[in-house]
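Chemist: Next comes the structure file input_25.cif, holding mmCIF, C-alpha atoms.
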data_structure
loop_
_atom_site.label_atom_id
_atom_site.label_comp_id
_atom_site.auth_asym_id
_atom_site.auth_seq_id
_atom_site.Cartn_x
_atom_site.Cartn_y
_atom_site.Cartn_z
CA MET A 1151 42.22 4.10 -21.96
CA SER A 1152 40.53 7.22 -23.28
CA THR A 1153 38.31 10.07 -22.05
CA ALA A 1154 35.44 12.30 -23.12
CA VAL A 1155 33.82 15.30 -21.41
CA VAL A 1156 30.21 16.42 -21.88
CA GLU A 1157 29.49 20.04 -20.92
CA ALA A 1158 26.23 19.83 -19.01
CA ASN A 1159 25.11 21.34 -15.70
CA PHE A 1160 28.53 20.06 -14.63
CA ASP A 1161 31.36 18.49 -16.61
CA TYR A 1162 30.57 14.82 -17.13
CA THR A 1163 34.03 13.24 -17.40
CA PHE A 1164 33.84 9.76 -18.92
CA VAL A 1165 36.63 7.18 -18.99
CA ARG A 1166 36.68 4.16 -21.28
CA VAL A 1167 38.81 1.06 -20.65
CA GLN A 1168 39.03 -1.16 -23.71
CA LEU A 1169 40.32 -4.66 -24.47
CA ASP A 1170 42.17 -5.63 -27.64
CA ASP A 1171 39.01 -7.29 -28.98
CA GLY A 1172 37.07 -4.00 -28.71
CA THR A 1173 35.07 -4.85 -25.56
CA TYR A 1174 35.06 -1.84 -23.25
CA GLY A 1175 33.83 -0.54 -19.93
CA ILE A 1176 32.66 3.00 -19.16
CA GLY A 1177 33.02 4.94 -15.93
CA GLU A 1178 32.49 8.52 -14.82
CA CYS A 1179 34.67 10.75 -12.62
CA PHE A 1180 33.46 13.64 -10.46
CA PHE A 1181 34.67 16.88 -12.05
CA ALA A 1182 37.96 18.54 -11.07
CA PRO A 1183 40.41 20.95 -12.73
CA GLY A 1184 42.58 19.11 -15.26
CA LEU A 1185 40.80 15.84 -14.57
CA PRO A 1186 40.78 14.32 -18.09
CA ALA A 1187 44.57 14.48 -18.29
CA ILE A 1188 44.90 13.03 -14.79
CA ALA A 1189 42.55 10.17 -15.68
CA ARG A 1190 44.50 9.38 -18.82
CA ASP A 1191 47.76 9.31 -16.85
CA VAL A 1192 46.37 7.12 -14.07
CA GLY A 1193 44.71 4.90 -16.67
CA THR A 1194 48.10 3.85 -18.05
CA LEU A 1195 48.48 1.75 -14.90
CA LEU A 1196 45.78 -0.58 -16.24
CA ILE A 1197 47.65 -1.47 -19.42
CA GLY A 1198 48.39 -5.19 -19.54
CA GLY A 1199 46.19 -5.99 -16.55
CA ASP A 1200 43.20 -8.31 -16.34
CA PRO A 1201 40.07 -6.13 -15.90
CA ARG A 1202 38.54 -8.77 -13.63
CA ASP A 1203 41.33 -8.16 -11.10
CA ILE A 1204 39.57 -5.03 -9.89
CA ARG A 1205 40.91 -5.01 -6.35
CA THR A 1206 44.49 -5.58 -7.51
CA LEU A 1207 44.32 -2.86 -10.16
CA THR A 1208 42.59 -0.39 -7.84
CA THR A 1209 45.22 -0.93 -5.16
CA ARG A 1210 47.90 -0.32 -7.79
CA MET A 1211 46.25 3.00 -8.65
CA HIS A 1212 45.95 4.03 -4.98
CA LEU A 1213 49.63 3.36 -4.41
CA ALA A 1214 50.63 5.23 -7.55
CA ILE A 1215 48.74 8.40 -6.58
CA SER A 1216 49.78 8.31 -2.91
CA ALA A 1217 52.33 11.13 -3.26
CA SER A 1218 49.83 13.52 -4.84
CA SER A 1219 46.53 12.70 -3.15
CA GLY A 1220 46.97 12.29 0.58
CA SER A 1221 48.30 8.72 0.49
CA GLY A 1222 45.77 7.86 -2.19
CA HIS A 1223 42.85 8.98 -0.04
CA ALA A 1224 41.72 12.31 -1.55
CA GLY A 1225 41.71 14.79 -4.39
CA ALA A 1226 41.36 14.85 -8.15
CA ALA A 1227 43.50 11.75 -8.63
CA LEU A 1228 41.01 9.78 -6.52
CA HIS A 1229 38.20 11.13 -8.71
CA ALA A 1230 40.06 9.55 -11.63
CA VAL A 1231 40.49 6.26 -9.76
CA SER A 1232 36.77 6.27 -8.91
CA GLY A 1233 35.79 6.51 -12.57
CA LEU A 1234 38.38 3.99 -13.73
CA GLU A 1235 37.31 1.51 -11.06
CA THR A 1236 33.71 1.88 -12.25
CA ALA A 1237 34.83 1.21 -15.83
CA LEU A 1238 36.54 -1.99 -14.66
CA TRP A 1239 33.29 -3.15 -13.04
CA ASP A 1240 31.37 -2.36 -16.23
CA LEU A 1241 33.92 -4.26 -18.32
CA SER A 1242 34.00 -7.21 -15.92
CA GLY A 1243 30.23 -7.42 -16.00
CA LYS A 1244 30.34 -7.62 -19.77
CA ILE A 1245 33.01 -10.35 -19.63
CA TYR A 1246 30.96 -12.39 -17.15
CA GLY A 1247 27.65 -11.55 -18.82
CA GLU A 1248 26.24 -10.31 -15.50
CA PRO A 1249 25.07 -6.97 -14.07
CA ILE A 1250 27.42 -5.34 -11.60
CA TRP A 1251 25.05 -5.78 -8.67
CA ARG A 1252 25.17 -9.54 -9.11
CA ILE A 1253 28.96 -9.80 -9.15
CA LEU A 1254 29.02 -7.50 -6.11
CA GLY A 1255 27.11 -10.19 -4.21
CA GLY A 1256 23.44 -9.83 -5.10
CA SER A 1257 20.59 -7.41 -4.55
CA PHE A 1258 18.33 -6.59 -1.61
CA ARG A 1259 15.76 -4.84 -3.82
CA GLN A 1260 14.52 -4.63 -7.40
CA GLU A 1261 13.88 -0.88 -7.44
CA ILE A 1262 15.97 2.03 -6.19
CA PRO A 1263 14.07 5.08 -4.82
CA VAL A 1264 15.24 8.40 -6.25
CA TYR A 1265 14.90 11.99 -5.05
CA ALA A 1266 14.94 14.99 -7.37
CA ASP A 1267 17.32 17.85 -6.66
CA LEU A 1268 15.36 20.94 -7.74
CA HIS A 1269 17.69 23.77 -6.68
CA ALA A 1270 15.25 26.64 -6.07
CA GLY A 1271 12.85 28.05 -8.62
CA GLU A 1272 13.08 27.60 -12.38
CA ALA A 1273 16.64 27.63 -13.70
CA LEU A 1274 19.46 25.61 -15.20
CA VAL A 1275 22.59 25.82 -13.09
CA SER A 1276 25.84 25.17 -14.93
CA VAL A 1277 29.32 25.53 -13.44
CA ASP A 1278 32.78 24.58 -14.64
CA SER A 1279 35.36 22.56 -12.73
CA LEU A 1280 36.27 25.64 -10.66
CA LEU A 1281 32.61 26.26 -9.76
CA ARG A 1282 32.41 29.31 -12.01
CA SER A 1283 28.97 30.02 -13.38
CA ARG A 1284 28.74 29.58 -17.15
CA ARG A 1285 26.29 29.54 -20.00
CA PRO A 1286 26.84 26.15 -21.71
CA PHE A 1287 28.14 26.57 -25.25
CA TRP A 1288 25.04 24.82 -26.61
CA ALA A 1289 22.55 27.11 -24.82
CA SER A 1290 20.92 29.69 -27.07
CA ASP A 1291 21.45 33.36 -26.25
CA ASP A 1292 17.93 34.17 -27.38
CA GLY A 1293 15.72 35.08 -24.46
CA VAL A 1294 18.15 33.80 -21.83
CA THR A 1295 18.86 35.87 -18.75
CA SER A 1296 21.46 35.20 -16.09
CA ILE A 1297 21.45 36.26 -12.46
CA GLY A 1298 24.22 34.88 -10.29
CA ASP A 1299 24.61 31.17 -10.86
CA PHE A 1300 21.26 30.71 -12.62
CA TYR A 1301 20.08 30.79 -16.23
CA TRP A 1302 16.51 30.83 -17.45
CA THR A 1303 14.41 31.77 -20.43
CA GLY A 1304 13.04 35.27 -20.69
CA GLU A 1305 9.51 33.86 -20.48
CA THR A 1306 9.99 33.07 -16.80
CA THR A 1307 9.43 36.10 -14.59
CA ASP A 1308 9.62 34.79 -11.03
CA HIS A 1309 12.37 32.28 -10.40
CA VAL A 1310 12.99 31.85 -6.71
CA SER A 1311 9.62 32.75 -5.22
CA ASN A 1312 7.71 30.40 -2.94
CA GLU A 1313 5.19 29.85 -5.71
CA ALA A 1314 7.85 28.92 -8.28
CA ILE A 1315 9.40 26.44 -5.87
CA LEU A 1316 6.00 24.95 -5.06
CA LYS A 1317 5.32 24.45 -8.76
CA ARG A 1318 8.61 22.59 -9.12
CA VAL A 1319 7.88 20.36 -6.14
CA GLN A 1320 4.38 19.55 -7.37
CA THR A 1321 5.71 18.66 -10.83
CA ALA A 1322 8.26 16.30 -9.29
CA ALA A 1323 5.58 14.68 -7.15
CA ASP A 1324 3.35 14.26 -10.21
CA ASN A 1325 6.27 12.49 -11.90
CA GLY A 1326 6.44 9.96 -9.09
CA PHE A 1327 9.25 11.34 -6.93
CA GLY A 1328 8.63 10.69 -3.26
CA CYS A 1329 11.33 13.12 -2.14
CA VAL A 1330 12.86 16.36 -3.41
CA LYS A 1331 15.79 18.48 -2.28
CA LEU A 1332 15.86 22.27 -2.36
CA ASP A 1333 18.63 24.81 -1.88
CA ILE A 1334 17.97 26.84 1.22
CA ASP A 1335 21.00 29.07 0.61
CA VAL A 1336 19.36 31.02 -2.24
CA PHE A 1337 17.97 34.46 -1.52
CA GLU A 1338 16.29 37.29 -3.37
CA HIS A 1339 16.95 37.67 -7.10
CA GLY A 1340 18.86 34.41 -7.37
CA ARG A 1341 21.77 35.62 -5.25
CA LEU A 1342 23.64 32.75 -3.64
CA ALA A 1343 24.63 33.19 -0.01
CA THR A 1344 28.26 34.08 0.51
CA ASP A 1345 28.15 35.28 4.12
CA ALA A 1346 28.43 32.44 6.63
CA THR A 1347 26.31 34.31 9.18
CA LEU A 1348 22.63 34.99 8.52
CA PRO A 1349 20.63 37.67 10.31
CA SER A 1350 18.01 36.07 12.53
CA ALA A 1351 15.25 37.69 10.46
CA THR A 1352 16.54 35.99 7.32
CA ALA A 1353 16.72 32.62 9.03
CA LEU A 1354 13.16 33.10 10.29
CA ARG A 1355 11.94 34.02 6.81
CA LEU A 1356 13.56 30.90 5.36
CA ALA A 1357 11.89 28.79 8.02
CA GLU A 1358 8.51 30.41 7.34
CA SER A 1359 8.89 29.68 3.62
CA ALA A 1360 9.76 26.06 4.37
CA SER A 1361 6.72 25.69 6.64
CA TRP A 1362 4.46 27.25 3.99
CA LEU A 1363 5.80 24.87 1.37
CA ARG A 1364 5.26 21.87 3.62
CA SER A 1365 1.68 22.95 4.23
CA GLU A 1366 0.93 23.59 0.54
CA THR A 1367 2.22 20.16 -0.50
CA ASN A 1368 0.02 18.48 2.12
CA ARG A 1369 3.07 16.45 3.10
CA ALA A 1370 2.63 14.40 -0.07
CA VAL A 1371 6.36 14.46 -0.73
CA GLU A 1372 9.41 14.46 1.54
CA ILE A 1373 11.53 17.62 1.37
CA ALA A 1374 15.22 17.92 2.22
CA TYR A 1375 17.28 21.11 2.29
CA ASP A 1376 20.85 21.67 1.10
CA CYS A 1377 23.10 24.35 2.61
CA HIS A 1378 26.28 23.67 0.58
CA TRP A 1379 28.58 24.09 3.66
CA ARG A 1380 27.86 27.85 3.61
CA PHE A 1381 26.97 28.61 7.21
CA ASP A 1382 28.85 28.98 10.45
CA ILE A 1383 27.87 26.90 13.47
CA PRO A 1384 25.65 29.55 15.17
CA THR A 1385 23.66 30.10 11.97
CA ALA A 1386 23.32 26.39 11.27
CA ARG A 1387 22.18 25.72 14.84
CA ALA A 1388 19.55 28.44 14.48
CA LEU A 1389 18.32 26.91 11.23
CA ASN A 1390 18.05 23.47 12.80
CA GLY A 1391 15.73 24.88 15.42
CA ALA A 1392 13.79 27.25 13.16
CA LEU A 1393 13.07 24.59 10.52
CA ALA A 1394 11.63 22.13 13.03
CA GLU A 1395 8.01 23.01 12.18
CA ALA A 1396 8.64 22.31 8.48
CA ALA A 1397 9.97 18.86 9.43
CA PRO A 1398 12.37 18.36 6.51
CA LEU A 1399 13.71 14.87 5.91
CA TRP A 1400 17.24 16.17 6.42
CA LEU A 1401 19.43 19.28 6.50
CA GLU A 1402 22.44 18.71 4.25
CA ASP A 1403 25.93 20.11 4.77
CA PRO A 1404 24.88 23.01 7.01
CA VAL A 1405 28.52 23.72 7.94
CA PRO A 1406 31.94 22.95 6.47
CA PRO A 1407 32.30 19.21 6.99
CA SER A 1408 33.91 18.11 10.23
CA GLY A 1409 32.71 15.73 12.90
CA ARG A 1410 32.76 18.35 15.66
CA ALA A 1411 30.91 20.99 13.62
CA LEU A 1412 28.19 18.57 12.54
CA ALA A 1413 27.69 17.43 16.12
CA ALA A 1414 27.30 21.03 17.30
CA VAL A 1415 24.55 21.58 14.72
CA ALA A 1416 22.85 18.24 15.35
CA GLU A 1417 22.39 18.85 19.07
CA ALA A 1418 20.60 22.16 18.42
CA GLY A 1419 17.43 20.74 16.89
CA PRO A 1420 15.47 17.69 15.79
CA ILE A 1421 16.38 17.62 12.08
CA ALA A 1422 18.57 14.81 10.76
CA ILE A 1423 21.96 16.05 9.54
CA ALA A 1424 23.33 14.74 6.23
CA SER A 1425 26.87 15.08 4.93
CA GLY A 1426 29.58 13.25 3.04
CA GLU A 1427 29.63 14.28 -0.61
CA ASN A 1428 33.10 15.78 -0.17
CA ALA A 1429 34.41 12.91 1.94
CA TYR A 1430 36.95 10.49 0.53
CA ARG A 1431 36.83 6.76 1.17
CA LEU A 1432 35.26 5.11 4.21
CA GLU A 1433 37.68 6.83 6.57
CA GLY A 1434 36.33 10.23 5.54
CA ILE A 1435 32.75 9.25 6.30
CA GLU A 1436 33.77 7.71 9.62
CA GLU A 1437 35.43 10.98 10.67
CA LEU A 1438 32.22 12.91 10.06
CA ALA A 1439 30.39 10.51 12.37
CA THR A 1440 33.02 10.60 15.13
CA HIS A 1441 31.10 12.94 17.45
CA GLY A 1442 27.59 11.70 16.73
CA GLY A 1443 26.52 14.50 14.38
CA LEU A 1444 26.14 12.47 11.17
CA HIS A 1445 22.70 10.92 10.75
CA ILE A 1446 22.72 10.37 6.97
CA ALA A 1447 25.82 9.67 4.87
CA THR A 1448 25.88 11.09 1.34
CA PRO A 1449 29.03 9.76 -0.37
CA ASP A 1450 29.50 10.34 -4.10
CA VAL A 1451 30.50 7.16 -5.95
CA GLN A 1452 32.40 9.16 -8.59
CA LYS A 1453 34.56 10.81 -5.92
CA VAL A 1454 34.69 8.61 -2.84
CA GLY A 1455 36.75 5.83 -4.44
CA GLY A 1456 34.38 4.02 -6.77
CA ILE A 1457 31.78 1.28 -6.58
CA ARG A 1458 33.45 -1.04 -4.08
CA GLU A 1459 34.40 1.78 -1.70
CA ALA A 1460 30.84 3.11 -1.81
CA GLN A 1461 29.52 -0.38 -1.11
CA GLN A 1462 31.76 -0.63 1.96
CA ILE A 1463 30.41 2.72 3.16
CA GLY A 1464 26.84 1.55 2.63
CA ASP A 1465 27.48 -1.64 4.57
CA TRP A 1466 29.05 0.39 7.38
CA CYS A 1467 25.98 2.65 7.44
CA SER A 1468 23.67 -0.35 7.74
CA ARG A 1469 25.74 -1.72 10.64
CA THR A 1470 25.84 1.59 12.51
CA GLY A 1471 22.28 2.81 11.93
CA ILE A 1472 23.28 5.75 9.76
CA GLY A 1473 21.11 6.50 6.74
CA PHE A 1474 22.56 5.97 3.26
CA ALA A 1475 21.56 8.50 0.58
CA PRO A 1476 24.33 8.87 -2.02
CA HIS A 1477 25.03 12.26 -3.55
CA CYS A 1478 24.94 12.14 -7.35
CA ILE A 1479 25.24 15.01 -9.83
CA ALA A 1480 26.41 12.67 -12.58
CA SER A 1481 25.21 11.65 -16.00
CA PRO A 1482 23.26 8.39 -16.33
CA ILE A 1483 26.63 6.56 -16.30
CA GLY A 1484 27.65 7.68 -12.82
CA PHE A 1485 24.03 7.51 -11.71
CA MET A 1486 23.78 3.84 -12.66
CA ALA A 1487 27.02 3.09 -10.83
CA ALA A 1488 25.30 4.34 -7.67
CA VAL A 1489 22.18 2.31 -8.50
CA HIS A 1490 24.21 -0.91 -8.52
CA VAL A 1491 25.77 0.02 -5.17
CA MET A 1492 22.41 0.78 -3.56
CA ALA A 1493 20.99 -2.52 -4.75
CA THR A 1494 23.55 -4.38 -2.63
CA ILE A 1495 23.11 -2.44 0.64
CA PRO A 1496 20.73 -3.82 3.30
CA SER A 1497 19.22 -0.44 4.24
CA VAL A 1498 19.03 2.61 1.96
CA MET A 1499 17.10 5.88 1.71
CA PHE A 1500 17.18 7.70 -1.65
CA LEU A 1501 19.60 8.24 -4.54
CA GLU A 1502 19.98 11.79 -5.84
CA PHE A 1503 18.90 12.72 -9.39
CA HIS A 1504 20.36 16.04 -10.49
CA GLY A 1505 19.31 16.25 -14.13
CA SER A 1506 15.79 17.70 -13.98
CA ASP A 1507 16.83 20.92 -15.72
CA LEU A 1508 19.12 19.33 -18.29
CA PRO A 1509 17.24 18.79 -21.58
CA PHE A 1510 19.32 15.82 -22.73
CA TRP A 1511 20.07 13.95 -19.48
CA SER A 1512 17.84 10.95 -20.16
CA ASP A 1513 18.89 10.76 -23.81
CA LEU A 1514 22.58 10.35 -22.97
CA VAL A 1515 21.98 6.61 -22.76
CA ALA A 1516 19.90 4.35 -24.97
CA GLU A 1517 17.96 2.76 -22.12
CA GLU A 1518 15.25 4.23 -19.89
CA VAL A 1519 16.71 5.00 -16.47
CA ILE A 1520 14.11 6.65 -14.20
CA ARG A 1521 10.40 5.93 -14.21
CA ASP A 1522 7.94 7.22 -11.61
CA GLY A 1523 10.70 8.30 -9.28
CA LYS A 1524 12.39 4.90 -9.21
CA VAL A 1525 15.03 2.94 -11.10
CA ALA A 1526 14.32 -0.67 -11.99
CA LEU A 1527 17.39 -2.79 -11.36
CA PRO A 1528 18.88 -3.74 -14.76
CA ASP A 1529 19.64 -7.34 -15.70
CA ARG A 1530 21.90 -6.35 -18.60
CA PRO A 1531 25.66 -6.93 -18.23
CA GLY A 1532 27.85 -4.34 -16.53
CA LEU A 1533 26.25 -0.99 -15.77
CA GLY A 1534 23.36 -1.95 -18.01
CA VAL A 1535 23.29 1.26 -20.04
CA THR A 1536 24.86 2.33 -23.34
CA LEU A 1537 26.18 5.83 -24.03
CA ASN A 1538 24.53 7.69 -26.89
CA MET A 1539 27.71 8.61 -28.75
CA ASP A 1540 25.92 11.02 -31.08
CA LEU A 1541 24.90 13.13 -28.08
CA VAL A 1542 28.32 12.79 -26.47
CA ARG A 1543 29.82 14.28 -29.62
CA GLN A 1544 27.14 16.97 -29.87
CA TYR A 1545 27.61 18.20 -26.29
CA SER A 1546 31.33 17.46 -25.94
CA ARG A 1547 33.24 20.23 -24.19
CA PRO A 1548 35.03 22.23 -26.89
CA GLY A 1549 38.60 21.07 -27.45
CA GLU A 1550 38.23 17.82 -25.52
CA PRO A 1551 38.76 14.47 -27.26
CA VAL A 1552 35.79 12.14 -27.62
CA PHE A 1553 37.54 8.95 -26.60
CA GLU A 1554 39.87 7.95 -29.46
CA GLU A 1555 38.14 10.16 -32.01
CA GLY A 1556 39.73 13.52 -31.17
CA PRO A 1557 37.81 16.77 -30.52
CA ALA A 1558 34.24 16.88 -31.84
CA ASN A 1559 33.99 20.69 -31.93
#
Kindly return the structure encoded in the file as structure tokens.
Modeler:
Amino acid sequence: MSTAVVEANFDYTFVRVQLDDGTYGIGECFFAPGLPAIARDVGTLLIGGDPRDIRTLTTRMHLAISASSGSGHAGAALHAVSGLETALWDLSGKIYGEPIWRILGGSFRQEIPVYADLHAGEALVSVDSLLRSRRPFWASDDGVTSIGDFYWTGETTDHVSNEAILKRVQTAADNGFGCVKLDIDVFEHGRLATDATLPSATALRLAESASWLRSETNRAVEIAYDCHWRFDIPTARALNGALAEAAPLWLEDPVPPSGRALAAVAEAGPIAIASGENAYRLEGIEELATHGGLHIATPDVQKVGGIREAQQIGDWCSRTGIGFAPHCIASPIGFMAAVHVMATIPSVMFLEFHGSDLPFWSDLVAEEVIRDGKVALPDRPGLGVTLNMDLVRQYSRPGEPVFEEGPAN
């Protein structure tokens, strides 16, 4: 088992599980401090196993990390398990000659709808595993300005204005996306919100901007808003009421995730509340729904436990009437893992695409992934995509090995 890390808008941590004959499977883990080393350690548990015994091997990993990850239910070690489990599915699909969705039980649809996460304005956001803003090593210093967590070229003069956001939304709609997500916790001059309480005037201004945007787009595209857990309950309740006129598709993570807090926000207004990207395993999603405040579940396949765990969550959502819209800030590898999951779920909403600002996202794999805001279900074995190793080497995080090859830079 070996790893590679691409320095992108986030760290794309890849794991590769390989047989003696050279056949291999690829997975991706949600970023965390020290994750590549953790993944390599946990991956030793797979040595000598049959990659088709996915449930057996995954259970072995859960038991092994139980002392360091909340009984195997949370934390960076589970991120590693999630990626390794995905790699086992990819490898099994190649052994069977079938796409993952088929060996998961079949598909309910041939296309997966995708929404574009556009942040706010025109900028590339890049953070390390500790959420520290960074300029990627491959980004040119020429004409690049940074304010807060955002980078942009010097040619762009207005980055978080209503007009800049509208332009982004219209471009996404022209590219076929039926839904976009915007960050509502971004204020003047690119400053991210750090105070959990907003003055009522600021909340009103945000609501007015959202209503203006809805009007200017002629409701041609659905709009969701992300709060990144930044607000306290009174502020989030005020936003739920104030944003009603803008009629967003959902309000995501308005408060730090807990079932009681989400319920308090949900009862204050008509907007659907989404959460779950920081939940672990099905039990974590169930807790968020305990008090009736979770309307849309947003688990992340690369964090929640892997493909099978995410499928169980999706099935649970379909049974309970909760929307299913997986969070995904991954490369095309992790993205396609979520695609296979969504294919097998009776009722789904949208899958997140978080690579609009990354110049090489689509080129990281040989195959076309997104067209006109949708993903056609692949019929190729495993995940159905092939890593572009030249680009992996080119954008490899300095000092990190590129699978068995050693550091590329």
Chemist: Counting all atoms listed in the file, give me one row per residue of region 1365-1399 of chain A with an atom at most 12 Å from an atom of region 1441-1453 of chain A, showing the shortest contact pair and its distance in Å to one decimal, sorted by chain then residue number, as JSON lines.
Modeler:
{"residue": "A:Ala1374", "atom": "CA", "partner": "A:Ile1446", "partner_atom": "CA", "distance": 11.7}
{"residue": "A:Asp1376", "atom": "CA", "partner": "A:Thr1448", "partner_atom": "CA", "distance": 11.7}
{"residue": "A:Leu1399", "atom": "CA", "partner": "A:Ile1446", "partner_atom": "CA", "distance": 10.1}
Chemist: How many Å separate CA of Arg1205 (chain A) from CA of Val1167 (chain A)?
Modeler: 15.7 Å
Chemist: Can you work out which one of A:Phe1180, A:Tyr1375, A:Trp1251, A:Trp1239 has the shortest atom-to-atom distance to Leu1393 (chain A), counting all atoms listed in the file?
Modeler: A:Tyr1375
Chemist: To box region 1547-1558 of chain A, take all atoms listed in the file, fit an axis-aligned box, add 8 Å on each side, and give centre and edge lengths in Å to one decimal, as AutoDock Vina command-line options.
Modeler:
--center_x 36.6 --center_y 15.1 --center_z -28.1 --size_x 22.6 --size_y 30.3 --size_z 23.8
Chemist: So which residues touch region 1533-1545 of chain A within 6 Å, counting all atoms listed in the file, skipping near sequence neighbours fewer than 5 positions away, as a PyMOL selection string?
Modeler: chain A and resi 1156-1157+1240+1514-1517+1528+1558
Chemist: Once the PyMOL selection byres ((chain A and resi 1267) around 7) is applied to the coordinates I shared, what remains selected? I want it as a list of chain:residue names.
Modeler: A:Tyr1265, A:Ala1266, A:Leu1268, A:His1269, A:Val1330, A:Lys1331, A:Leu1332, A:Glu1502, A:Phe1503, A:His1504
Chemist: With the file shown as input, list the residues that the PyMOL selection byres ((chain A and resi 1278) around 9) selects, as a ChimeraX atom specification.
Modeler: /A:1157,1159-1161,1181-1183,1276-1277,1279-1284
Chemist: What's the separation between CA of Glu1436 (chain A) and CA of His1229 (chain A), in Å to one decimal place?
Modeler: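 Between CA of Glu1436 (chain A) and CA of His1229 (chain A) the gap is 19.2 Å.
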Chemist: Apply the PyMOL selection byres ((chain A and resi 1255-1263) around 7) to the structure shown and report the selected residues as a list of chain:residue names.
Modeler: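 Selected by the PyMOL selection byres ((chain A and resi 1255-1263) around 7) in this file: A:Trp1251, A:Arg1252, A:Ile1253, A:Leu1254, A:Val1264, A:Tyr1265, A:Val1489, A:Ala1493, A:Thr1494, A:Ile1495, A:Pro1496, A:Phe1500, A:Leu1501, A:Gly1523, A:Lys1524, A:Val1525, A:Ala1526, A:Leu1527.
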Chemist: With only C-alpha atoms as the atoms that count, which of A:Thr1367, A:Asn1325, A:Thr1194, A:Ser1506 lies nearest to Arg1210 (chain A)?
Modeler: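 The shortest atom-to-atom distance to Arg1210 (chain A) comes from A:Thr1194.
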Chemist: By how many Å are CA of Val1231 (chain A) and CA of Ser1512 (chain A) apart?
Modeler: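 Taking CA of Val1231 (chain A) as the start and CA of Ser1512 (chain A) as the end point, the length is 25.4 Å.
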Chemist: Using all atoms listed in the file, can you tell me which of A:His1378, A:Arg1285, A:Arg1369, A:Lys1317 comes closest to Asn1428 (chain A)?
Modeler: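 That would be A:His1378, the residue with the smallest distance to Asn1428 (chain A).
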Chemist: Restricting the calculation to only C-alpha atoms: of A:Val1491, A:Ala1187, A:Pro1482, A:Leu1196, which residue gets closest to Glu1518 (chain A)?
Modeler: A:Pro1482
Chemist: I'd like the neighbourhood of region 1409-1422 of chain A as a PyMOL selection string, where a residue qualifies if any of its atoms comes within 10 Å (using all atoms listed in the file), though same-chain residues fewer than 5 positions away should be ignored.
Modeler: chain A and resi 1374+1382-1404+1434-1446+1473
Chemist: Pick out the closest residue to Ile1215 (chain A) from this set: A:Met1492, A:Gln1320, A:Gly1193, A:Val1552. Count all atoms listed in the file.
Modeler: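 Closest residue, counting all atoms listed in the file: A:Gly1193.
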Chemist: From the options A:Val1405, A:Ala1353, A:Val1192, A:Ile1334, which residue's atoms come nearest to Ile1373 (chain A), counting only C-alpha atoms?
Modeler: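 When distances to Ile1373 (chain A) are compared using only C-alpha atoms, the smallest one comes from A:Ile1334.
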Chemist: Please list, as an NGL selection string, the residues that have an atom at most 10 Å away from (41.8, 10.2, -8.3) in the coordinates of this file, counting all atoms listed in the file.
Modeler: :A and (1179-1180 or 1182 or 1185 or 1188-1189 or 1192 or 1211-1212 or 1215-1216 or 1218-1219 or 1222-1234 or 1452-1456)
Chemist: So that I have them on file, write out the residues from the current selection with C-alpha atoms, as a PDB file, in the frame of the given file.
Modeler:
ATOM      1  CA  CYS A1179      34.670  10.750 -12.620  1.00  0.00           C
ATOM      2  CA  PHE A1180      33.460  13.640 -10.460  1.00  0.00           C
ATOM      3  CA  ALA A1182      37.960  18.540 -11.070  1.00  0.00           C
ATOM      4  CA  LEU A1185      40.800  15.840 -14.570  1.00  0.00           C
ATOM      5  CA  ILE A1188      44.900  13.030 -14.790  1.00  0.00           C
ATOM      6  CA  ALA A1189      42.550  10.170 -15.680  1.00  0.00           C
ATOM      7  CA  VAL A1192      46.370   7.120 -14.070  1.00  0.00           C
ATOM      8  CA  MET A1211      46.250   3.000  -8.650  1.00  0.00           C
ATOM      9  CA  HIS A1212      45.950   4.030  -4.980  1.00  0.00           C
ATOM     10  CA  ILE A1215      48.740   8.400  -6.580  1.00  0.00           C
ATOM     11  CA  SER A1216      49.780   8.310  -2.910  1.00  0.00           C
ATOM     12  CA  SER A1218      49.830  13.520  -4.840  1.00  0.00           C
ATOM     13  CA  SER A1219      46.530  12.700  -3.150  1.00  0.00           C
ATOM     14  CA  GLY A1222      45.770   7.860  -2.190  1.00  0.00           C
ATOM     15  CA  HIS A1223      42.850   8.980  -0.040  1.00  0.00           C
ATOM     16  CA  ALA A1224      41.720  12.310  -1.550  1.00  0.00           C
ATOM     17  CA  GLY A1225      41.710  14.790  -4.390  1.00  0.00           C
ATOM     18  CA  ALA A1226      41.360  14.850  -8.150  1.00  0.00           C
ATOM     19  CA  ALA A1227      43.500  11.750  -8.630  1.00  0.00           C
ATOM     20  CA  LEU A1228      41.010   9.780  -6.520  1.00  0.00           C
ATOM     21  CA  HIS A1229      38.200  11.130  -8.710  1.00  0.00           C
ATOM     22  CA  ALA A1230      40.060   9.550 -11.630  1.00  0.00           C
ATOM     23  CA  VAL A1231      40.490   6.260  -9.760  1.00  0.00           C
ATOM     24  CA  SER A1232      36.770   6.270  -8.910  1.00  0.00           C
ATOM     25  CA  GLY A1233      35.790   6.510 -12.570  1.00  0.00           C
ATOM     26  CA  LEU A1234      38.380   3.990 -13.730  1.00  0.00           C
ATOM     27  CA  GLN A1452      32.400   9.160  -8.590  1.00  0.00           C
ATOM     28  CA  LYS A1453      34.560  10.810  -5.920  1.00  0.00           C
ATOM     29  CA  VAL A1454      34.690   8.610  -2.840  1.00  0.00           C
ATOM     30  CA  GLY A1455      36.750   5.830  -4.440  1.00  0.00           C
ATOM     31  CA  GLY A1456      34.380   4.020  -6.770  1.00  0.00           C
TER      32      GLY A1456
END
Chemist: Taking only C-alpha atoms, show region 1429-1434 of chain A of the given structure as a tab-separated table (two decimals), in the first residue's frame.
Modeler:
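The result, stored in out.tsv:
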chain	number	residue	atom	x	y	z
A	1429	ALA	CA	-20.28	13.49	10.80
A	1430	TYR	CA	-18.75	10.04	11.06
A	1431	ARG	CA	-20.57	6.89	10.03
A	1432	LEU	CA	-24.34	6.45	10.00
A	1433	GLU	CA	-24.58	7.01	13.75
A	1434	GLY	CA	-23.22	10.54	13.34
